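**Student:** Sharing coords_21.txt here; it has compact mmCIF, C-alpha atoms.
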```
# COMPACT_ATOMS: atom_id res chain seq x y z
CA MET A 1 143.02 171.10 103.15
CA ALA A 2 140.34 173.16 104.74
CA LEU A 3 139.13 172.44 108.23
CA ASN A 4 135.54 172.11 107.04
CA SER A 5 136.49 169.46 104.53
CA VAL A 6 138.12 167.39 107.21
CA LEU A 7 135.50 167.60 109.93
CA PRO A 8 132.58 166.15 107.97
CA SER A 9 134.64 163.05 107.31
CA LEU A 10 134.83 162.41 111.01
CA SER A 11 132.02 160.55 112.65
CA LYS A 12 129.94 162.51 115.09
CA GLU A 13 131.35 160.61 117.99
CA THR A 14 134.88 161.10 116.72
CA ASP A 15 134.17 164.74 116.02
CA ARG A 16 132.94 165.11 119.49
CA TYR A 17 136.03 163.67 121.07
CA ARG A 18 138.77 164.60 118.67
CA ILE A 19 138.56 168.27 117.99
CA GLY A 20 141.97 169.03 119.41
CA ALA A 21 143.56 166.24 117.40
CA ALA A 22 141.59 167.13 114.26
CA SER A 23 142.75 170.71 114.31
CA HIS A 24 146.28 169.60 114.81
CA THR A 25 146.04 167.20 111.91
CA VAL A 26 144.77 169.88 109.55
CA LEU A 27 147.55 172.24 110.37
CA SER A 28 150.16 169.53 110.19
CA ARG A 29 149.02 168.52 106.72
CA SER A 30 149.38 172.04 105.44
CA SER A 31 152.99 172.02 106.54
CA THR A 32 153.83 168.59 105.13
CA SER A 33 152.09 168.98 101.79
CA LEU A 34 155.30 170.14 100.09
CA PRO A 35 157.24 167.57 98.06
CA ALA A 36 160.08 165.95 99.94
CA GLY A 37 163.26 167.93 99.61
CA ALA A 38 161.58 170.95 98.10
CA PRO A 39 162.90 174.25 99.34
CA ARG A 40 160.67 175.89 101.85
CA ASN A 41 160.27 179.59 101.53
CA PHE A 42 159.82 182.08 104.34
CA SER A 43 156.04 182.18 104.05
CA ALA A 44 155.87 178.44 104.30
CA ARG A 45 158.09 178.44 107.33
CA ARG A 46 156.02 181.26 108.77
CA ARG A 47 152.86 179.29 108.10
CA ASP A 48 154.40 176.36 109.92
CA HIS A 49 155.24 178.61 112.78
CA VAL A 50 151.72 180.02 112.90
CA GLY A 51 150.31 176.53 112.67
CA THR A 52 152.44 175.34 115.53
CA SER A 53 151.42 178.34 117.60
CA VAL A 54 147.74 177.75 116.92
CA CYS A 55 148.19 174.12 117.85
CA ALA A 56 149.85 175.16 121.07
CA VAL A 57 146.99 177.52 121.86
CA LEU A 58 144.39 174.88 121.12
CA ILE A 59 146.17 172.33 123.26
CA ALA A 60 146.62 174.90 126.00
CA ALA A 61 142.95 175.77 125.80
CA GLY A 62 142.11 172.14 126.41
CA ILE A 63 144.33 172.15 129.44
CA LEU A 64 142.98 175.46 130.69
CA THR A 65 139.42 174.25 130.50
CA GLY A 66 140.45 171.33 132.63
CA GLN A 67 138.70 168.89 130.33
CA THR A 68 140.02 165.55 129.38
CA PRO A 69 140.01 164.94 125.61
CA ALA A 70 137.05 162.60 126.00
CA ASN A 71 135.07 165.37 127.61
CA ALA A 72 136.20 168.28 125.47
CA PRO A 73 133.51 170.14 123.57
CA ALA A 74 133.51 169.49 119.88
CA VAL A 75 133.70 172.60 117.76
CA GLY A 76 132.66 173.25 114.22
CA ARG A 77 129.44 171.86 112.95
CA ARG A 78 128.15 170.74 116.29
CA LEU A 79 128.87 170.80 119.95
CA SER A 80 128.37 167.98 122.39
CA PHE A 81 129.59 168.44 125.90
CA TYR A 82 128.98 166.30 128.92
CA HIS A 83 129.30 167.56 132.43
CA ARG A 84 130.23 164.61 134.55
CA GLU A 85 130.82 164.08 138.22
CA GLY A 86 132.55 160.78 138.75
CA ASP A 87 130.75 158.21 136.65
CA ARG A 88 127.54 160.16 136.59
CA ASN A 89 126.32 162.43 133.81
CA VAL A 90 125.14 165.63 135.43
CA ALA A 91 124.27 167.51 132.26
CA HIS A 92 124.59 167.30 128.51
CA PHE A 93 124.96 170.36 126.31
CA THR A 94 124.59 170.25 122.53
CA ALA A 95 124.44 172.74 119.69
CA ALA A 96 124.00 172.33 115.97
CA GLU A 97 126.83 174.79 115.49
CA ALA A 98 129.36 176.18 117.92
CA VAL A 99 131.51 179.15 117.00
CA PRO A 100 134.43 179.82 119.36
CA GLN A 101 134.28 183.23 121.00
CA GLY A 102 137.26 182.78 123.27
CA ILE A 103 138.87 180.11 125.36
CA SER A 104 136.03 177.72 126.21
CA ILE A 105 133.29 180.18 125.20
CA TYR A 106 131.13 179.38 122.19
CA LEU A 107 128.32 181.00 120.30
CA ALA A 108 125.97 178.04 120.20
CA ARG A 109 123.19 177.80 117.65
CA ASN A 110 120.21 175.52 118.17
CA PHE A 111 121.39 175.03 121.71
CA HIS A 112 119.94 172.22 123.76
CA MET A 113 120.83 171.10 127.24
CA GLU A 114 119.46 168.68 129.74
CA THR A 115 120.29 167.93 133.33
CA PHE A 116 119.92 164.56 134.96
CA ARG A 117 118.65 163.60 138.36
CA GLU A 118 121.21 162.31 140.78
CA LYS A 119 118.83 159.70 142.11
CA ASP A 120 117.97 157.78 138.95
CA GLY A 121 119.67 159.58 136.06
CA SER A 122 116.36 160.57 134.50
CA GLU A 123 115.92 163.89 132.70
CA GLU A 124 115.42 166.75 135.09
CA LEU A 125 115.37 169.98 133.11
CA LEU A 126 115.55 170.51 129.36
CA ILE A 127 116.39 173.87 127.82
CA ASP A 128 116.30 174.89 124.16
CA ALA A 129 117.44 178.18 122.68
CA PRO A 130 117.97 179.18 119.06
CA GLU A 131 121.21 180.90 120.02
CA CYS A 132 123.21 181.52 123.17
CA LEU A 133 126.68 181.86 124.58
CA PHE A 134 127.97 178.73 126.28
CA ASP A 135 130.97 178.64 128.56
CA ALA A 136 132.35 175.13 128.73
CA THR A 137 134.45 175.94 131.79
CA THR A 138 131.73 177.35 134.02
CA LYS A 139 128.96 175.45 132.23
CA ARG A 140 126.94 178.63 132.00
CA ALA A 141 124.66 179.47 129.11
CA SER A 142 123.08 182.84 128.48
CA SER A 143 121.22 184.69 125.78
CA PRO A 144 119.07 187.79 125.28
CA GLY A 145 116.91 185.74 122.93
CA PRO A 146 114.05 183.29 123.33
CA ILE A 147 114.21 180.19 125.48
CA ARG A 148 112.02 177.17 125.97
CA VAL A 149 112.20 175.09 129.13
CA ARG A 150 110.64 171.79 130.01
CA GLN A 151 110.74 169.95 133.30
CA GLY A 152 111.67 166.34 132.67
CA ASP A 153 108.84 164.95 134.77
CA GLY A 154 106.28 167.08 132.93
CA LEU A 155 105.64 169.51 135.78
CA PHE A 156 105.80 172.53 133.52
CA VAL A 157 106.87 174.02 130.23
CA LEU A 158 108.04 177.60 130.04
CA GLU A 159 108.83 180.10 127.34
CA GLY A 160 110.49 183.46 127.77
CA VAL A 161 112.98 185.93 126.41
CA GLY A 162 116.49 186.29 127.78
CA PHE A 163 118.00 183.73 130.13
CA GLN A 164 120.97 182.55 132.09
CA TRP A 165 121.64 179.00 133.18
CA ASP A 166 124.13 178.44 135.98
CA GLN A 167 125.05 174.78 136.07
CA GLU A 168 127.14 175.02 139.22
CA ASN A 169 124.21 176.33 141.25
CA SER A 170 121.52 174.57 139.20
CA ARG A 171 119.77 177.87 138.77
CA LEU A 172 117.83 179.25 135.81
CA VAL A 173 116.83 182.88 135.36
CA VAL A 174 114.48 183.94 132.57
CA SER A 175 114.41 187.70 132.20
CA ASN A 176 111.28 188.69 130.31
CA GLN A 177 107.90 187.68 128.95
CA VAL A 178 107.66 184.51 130.97
CA HIS A 179 104.84 182.16 130.10
CA THR A 180 104.56 178.99 132.13
CA VAL A 181 102.11 176.15 131.78
CA ILE A 182 101.98 173.96 134.85
CA GLN A 183 100.38 170.56 134.90
CA LYS A 184 97.50 170.78 137.33
CA MET A 185 98.15 167.24 138.51
CA SER A 186 101.27 168.53 140.22
CA ILE A 187 99.36 170.90 142.48
CA ILE A 188 96.07 169.19 143.14
CA PRO A 189 95.35 168.51 146.79
CA HIS A 190 97.13 165.59 148.33
CA SER A 191 95.32 162.35 148.87
CA PRO A 192 94.65 161.59 152.53
CA MET B 1 71.66 198.15 147.21
CA ARG B 2 70.92 198.21 150.90
CA ALA B 3 73.33 196.39 153.08
CA VAL B 4 73.04 194.91 156.51
CA HIS B 5 76.18 195.28 158.58
CA ALA B 6 76.81 192.49 160.99
CA THR B 7 79.98 193.27 162.79
CA LEU B 8 81.08 190.21 164.64
CA SER B 9 83.34 190.69 167.57
CA PHE B 10 84.46 187.16 168.26
CA GLY B 11 88.06 187.29 169.32
CA GLY B 12 89.04 183.92 167.97
CA LEU B 13 88.07 181.84 165.08
CA LEU B 14 85.00 182.89 163.16
CA SER B 15 83.27 180.43 161.00
CA ALA B 16 81.80 182.94 158.69
CA ALA B 17 79.52 180.39 157.11
CA LEU B 18 79.93 181.87 153.71
CA LEU B 19 79.36 178.56 152.10
CA LEU B 20 79.50 178.42 148.39
CA ALA B 21 76.36 177.54 146.53
CA GLU B 22 77.93 174.35 145.34
CA PRO B 23 80.77 172.43 146.91
CA ALA B 24 84.17 172.98 145.39
CA GLY B 25 85.44 170.21 143.26
CA SER B 26 82.22 169.91 141.34
CA LYS B 27 82.63 169.34 137.65
CA ASN B 28 83.37 172.50 135.75
CA PRO B 29 83.18 172.38 131.97
CA ALA B 30 85.73 175.18 131.66
CA ALA B 31 88.32 173.34 133.72
CA THR B 32 91.52 172.22 132.02
CA ASN B 33 94.46 170.08 133.02
CA ASN B 34 96.85 173.01 133.07
CA VAL B 35 97.45 176.20 135.00
CA ASP B 36 98.79 179.16 133.02
CA ILE B 37 101.22 181.60 134.61
CA THR B 38 102.45 184.68 132.81
CA ALA B 39 104.82 187.30 134.20
CA ARG B 40 106.77 190.23 132.91
CA GLY B 41 109.80 188.69 134.59
CA PRO B 42 112.27 187.83 135.79
CA PHE B 43 111.58 184.21 136.61
CA GLU B 44 113.96 182.16 138.71
CA TYR B 45 114.12 178.43 139.18
CA ASP B 46 116.40 176.87 141.75
CA LEU B 47 116.58 173.16 141.08
CA LYS B 48 118.38 172.47 144.33
CA THR B 49 115.59 173.84 146.49
CA GLY B 50 112.69 173.28 144.09
CA ARG B 51 111.71 176.95 144.29
CA LEU B 52 110.07 178.68 141.33
CA HIS B 53 109.76 182.45 141.48
CA TRP B 54 107.85 184.73 139.10
CA SER B 55 108.07 188.52 139.36
CA GLU B 56 106.16 191.54 138.07
CA ASN B 57 102.64 191.53 136.68
CA VAL B 58 102.08 187.89 137.52
CA VAL B 59 98.85 186.36 136.27
CA VAL B 60 97.79 182.84 137.20
CA ASP B 61 94.89 181.39 135.31
CA ASP B 62 93.27 178.10 136.14
CA PRO B 63 90.34 178.19 133.73
CA GLY B 64 87.04 177.51 135.38
CA SER B 65 88.60 177.44 138.84
CA PHE B 66 90.46 180.60 139.76
CA HIS B 67 92.27 183.63 138.38
CA LEU B 68 95.00 185.33 140.39
CA THR B 69 97.03 188.47 139.85
CA CYS B 70 99.92 189.70 141.98
CA GLU B 71 103.39 191.17 141.73
CA ASP B 72 105.31 188.23 143.10
CA LEU B 73 104.63 184.52 143.07
CA VAL B 74 106.63 181.69 144.59
CA ALA B 75 105.91 178.00 144.20
CA GLU B 76 107.77 175.51 146.33
CA ARG B 77 107.89 171.97 145.15
CA SER B 78 108.71 168.93 147.19
CA LEU B 79 112.06 167.37 146.38
CA THR B 80 110.71 163.97 147.31
CA ASN B 81 107.39 163.63 145.52
CA ARG B 82 108.10 166.43 143.00
CA ARG B 83 104.73 168.07 143.59
CA ILE B 84 104.09 171.68 144.37
CA GLU B 85 103.40 171.97 148.09
CA VAL B 86 102.97 175.69 148.62
CA ILE B 87 102.22 178.69 146.41
CA ILE B 88 102.77 182.16 147.85
CA ALA B 89 101.44 185.27 146.11
CA THR B 90 102.40 188.68 147.45
CA SER B 91 101.71 192.33 146.73
CA ASN B 92 98.36 193.48 145.34
CA VAL B 93 96.92 190.02 145.34
CA VAL B 94 93.52 189.60 143.71
CA VAL B 95 92.03 186.13 143.43
CA THR B 96 88.81 185.38 141.63
CA PHE B 97 87.35 181.99 142.42
CA VAL B 98 84.79 180.31 140.24
CA GLU B 99 83.02 177.36 141.78
CA GLY B 100 79.76 175.92 140.57
CA GLY B 101 79.05 179.03 138.55
CA VAL B 102 79.46 181.26 141.61
CA THR B 103 82.19 183.84 141.59
CA SER B 104 83.93 185.23 144.65
CA GLU B 105 86.78 187.70 144.77
CA ALA B 106 89.51 187.99 147.37
CA ARG B 107 91.95 190.87 147.82
CA CYS B 108 94.91 190.89 150.16
CA GLY B 109 98.63 191.57 150.47
CA ARG B 110 99.65 187.95 150.70
CA ALA B 111 97.93 184.71 149.76
CA VAL B 112 99.35 181.32 150.61
CA TYR B 113 97.92 178.24 148.99
CA SER B 114 98.63 174.93 150.68
CA ALA B 115 98.16 171.83 148.56
CA ALA B 116 98.06 169.65 151.67
CA THR B 117 94.88 171.31 152.93
CA ASP B 118 93.63 172.82 149.65
CA THR B 119 93.27 176.17 151.39
CA PHE B 120 94.12 179.76 150.62
CA GLU B 121 95.24 181.82 153.60
CA LEU B 122 94.86 185.54 152.99
CA THR B 123 96.67 188.12 155.08
CA GLY B 124 97.94 191.69 154.80
CA ASP B 125 96.39 194.86 153.43
CA ASN B 126 93.05 194.27 155.17
CA PRO B 127 92.10 191.07 153.36
CA VAL B 128 88.57 190.81 152.07
CA VAL B 129 86.47 188.18 150.35
CA ARG B 130 83.52 189.48 148.37
CA ARG B 131 80.68 187.30 147.22
CA LEU B 132 77.24 187.99 145.86
CA GLU B 133 75.52 187.79 149.23
CA ALA B 134 78.22 189.17 151.51
CA SER B 135 81.71 190.49 152.00
CA SER B 136 83.94 189.47 154.87
CA TRP B 137 87.05 190.94 156.41
CA ALA B 138 89.46 189.64 159.00
CA ASP B 139 93.14 189.80 159.85
CA THR B 140 93.44 186.35 158.35
CA ILE B 141 90.92 184.80 156.02
CA ILE B 142 91.11 181.11 155.24
CA PHE B 143 89.27 179.81 152.22
CA ASN B 144 88.99 176.07 151.97
CA ARG B 145 88.47 175.07 148.37
CA SER B 146 87.42 171.53 149.22
CA THR B 147 84.60 172.51 151.53
CA GLY B 148 83.91 175.96 150.14
CA LYS B 149 84.10 177.34 153.67
CA VAL B 150 85.49 180.76 154.49
CA GLN B 151 86.84 181.47 157.96
CA GLY B 152 88.05 184.71 159.48
CA LYS B 153 90.60 184.95 162.26
CA GLY B 154 91.15 188.16 164.16
CA ASN B 155 88.86 191.19 163.89
CA PRO B 156 86.34 189.45 161.69
CA ARG B 157 83.56 191.46 160.09
CA ILE B 158 80.84 190.49 157.66
CA GLN B 159 78.70 192.75 155.56
CA PHE B 160 75.65 191.02 154.14
CA ASN B 161 74.09 192.33 150.99
CA ALA B 162 70.40 192.70 151.79
CA GLY B 163 69.25 191.82 148.32
CA ALA B 164 70.74 188.40 148.68
CA PHE B 165 68.16 187.32 151.29
CA PRO B 166 64.49 186.40 150.83
CA LYS B 167 62.02 188.86 152.36
CA THR B 168 60.99 186.29 154.95
CA ASN B 169 64.47 186.33 156.34
CA PRO B 170 64.68 188.43 159.51
CA LEU B 171 67.92 189.89 158.26
CA GLY B 172 66.34 190.84 154.93
CA PRO B 173 64.91 194.26 154.00
CA LYS B 174 61.61 195.22 155.63
```
Can I see the file as structure tokens?
**Tutor:**
Amino acid sequence: MALNSVLPSLSKETDRYRIGAASHTVLSRSSTSLPAGAPRNFSARRRDHVGTSVCAVLIAAGILTGQTPANAPAVGRRLSFYHREGDRNVAHFTAAEAVPQGISIYLARNFHMETFREKDGSEELLIDAPECLFDATTKRASSPGPIRVRQGDGLFVLEGVGFQWDQENSRLVVSNQVHTVIQKMSIIPHSP
Amino acid sequence: MRAVHATLSFGGLLSAALLLAEPAGSKNPAATNNVDITARGPFEYDLKTGRLHWSENVVVDDPGSFHLTCEDLVAERSLTNRRIEVIIATSNVVVTFVEGGVTSEARCGRAVYSAATDTFELTGDNPVVRRLEASSWADTIIFNRSTGKVQGKGNPRIQFNAGAFPKTNPLGPK
């Protein structure tokens, strides 16, 4: 059974939390699909071996990223990844499609992320990009392509080309062709 | 155009009395609710400090109010009330103010806008403010947008354009 035929049957929430288990299930099914007692040839055994190895790598990747299964990024048709500190959501990263590029690095399409204020949990910064690389370990996103940014409180919207988001330092760099529209209300003189 | 030079040698604060024809804050049909900022880039935003930084070929356009160009622009926003407190423009700063249909142009090396006082403080590169009736120089020029008043601090000098005065004015052309 193909991986793609399994993933759509999972709910989004399940997909989001169960990628490690889902992958393991797919590979296990391929090795147990033979009739009971049937002789297993070398290629089948080799496939089992490969499957086991891939499972080990996937499990190891989960460990290496330091994410608990409930916080592991979902891979395949979509990505949904929360960055949490204690009980608080610090940031949420999503993508319509995430293609693994290495351990914890994904090519994210239709990428969207938002950070949340520590004080009240409201949206702080929202970033959209058609495509970018996202590192689930460092929580960094970068792309040479277009980006759109919006401040949660409506202070400004910004468009540009080429960016890097550094979650650890809460720092955004937009490289080129920066166009910002700032709400004048945010800079009008203070009331006495 | 003939010009009358009035070099003022006050050591301290000079109230240059270059009052705008109409007080700032008057209704301007071209005014919008947004300020546009474009830059070649890069742009940096530090959420922890609230500092926004635009670089290279920066153009700030507040339609009907002012137009600013510079090479570097920093806006610092308050982390408590989330408003922008200070805007600092540096390197080849040119600001064109439009108030009540009157245009004035300022050139300097560094311009600092304070939202608390609604003032621009111009320093560096021999700052100058040019208006229809006069131009003024000083080490530091402070332009208050609320009152429309321009002040010069340190080595102030004003050059009045003679054509801007009526003939009955003693400073006008004979």
**Student:** As a count of residues only, could you give me every residue of chain B near chain A (at most 12 Å apart, counting all atoms listed in the file)?
**Tutor:** 59
**Student:** In Å, with one decimal, what is the gap from CA of Arg150 in chain A to CA of Thr94 in chain A?
**Tutor:** 15.9 Å
**Student:** What does the distance from CA of Lys119 in chain A to CA of Leu79 in chain A come to in Å, to one decimal?
**Tutor:**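 So the two atoms, CA of Lys119 in chain A and CA of Leu79 in chain A, lie 26.7 Å apart.
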**Student:** Find the residues near Ala129 in chain A: any atom within 10 Å, counting all atoms listed in the file, skip ones fewer than 5 places away on the same chain, and give them as a PyMOL selection string.
**Tutor:** chain A and resi 95+108-113+141-143+145-149+159+161-163
**Student:** Grab the residues selected above and save them as a PDB file, keeping the file's coordinate frame with C-alpha atoms.
**Tutor:**
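Below is the file selection-v3.pdb, written as the result:
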```
ATOM      1  CA  ALA A  95     124.440 172.740 119.690  1.00  0.00           C
ATOM      2  CA  ALA A 108     125.970 178.040 120.200  1.00  0.00           C
ATOM      3  CA  ARG A 109     123.190 177.800 117.650  1.00  0.00           C
ATOM      4  CA  ASN A 110     120.210 175.520 118.170  1.00  0.00           C
ATOM      5  CA  PHE A 111     121.390 175.030 121.710  1.00  0.00           C
ATOM      6  CA  HIS A 112     119.940 172.220 123.760  1.00  0.00           C
ATOM      7  CA  MET A 113     120.830 171.100 127.240  1.00  0.00           C
ATOM      8  CA  ALA A 141     124.660 179.470 129.110  1.00  0.00           C
ATOM      9  CA  SER A 142     123.080 182.840 128.480  1.00  0.00           C
ATOM     10  CA  SER A 143     121.220 184.690 125.780  1.00  0.00           C
ATOM     11  CA  GLY A 145     116.910 185.740 122.930  1.00  0.00           C
ATOM     12  CA  PRO A 146     114.050 183.290 123.330  1.00  0.00           C
ATOM     13  CA  ILE A 147     114.210 180.190 125.480  1.00  0.00           C
ATOM     14  CA  ARG A 148     112.020 177.170 125.970  1.00  0.00           C
ATOM     15  CA  VAL A 149     112.200 175.090 129.130  1.00  0.00           C
ATOM     16  CA  GLU A 159     108.830 180.100 127.340  1.00  0.00           C
ATOM     17  CA  VAL A 161     112.980 185.930 126.410  1.00  0.00           C
ATOM     18  CA  GLY A 162     116.490 186.290 127.780  1.00  0.00           C
ATOM     19  CA  PHE A 163     118.000 183.730 130.130  1.00  0.00           C
TER      20      PHE A 163
END
```
**Student:** Which residue gives the smallest distance to Gly64 in chain B among B:Gly152, B:Gly109, B:Gly163, B:Gly100, with only C-alpha atoms counted?
**Tutor:**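 Looking only at the distances to Gly64 in chain B, the closest residue turns out to be B:Gly100.
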**Student:** Using CA of Thr147 in chain B and CA of Glu99 in chain B as the two end points, give the distance in Å to one decimal.
**Tutor:**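 Going from CA of Thr147 in chain B over to CA of Glu99 in chain B, I get 11.0 Å.
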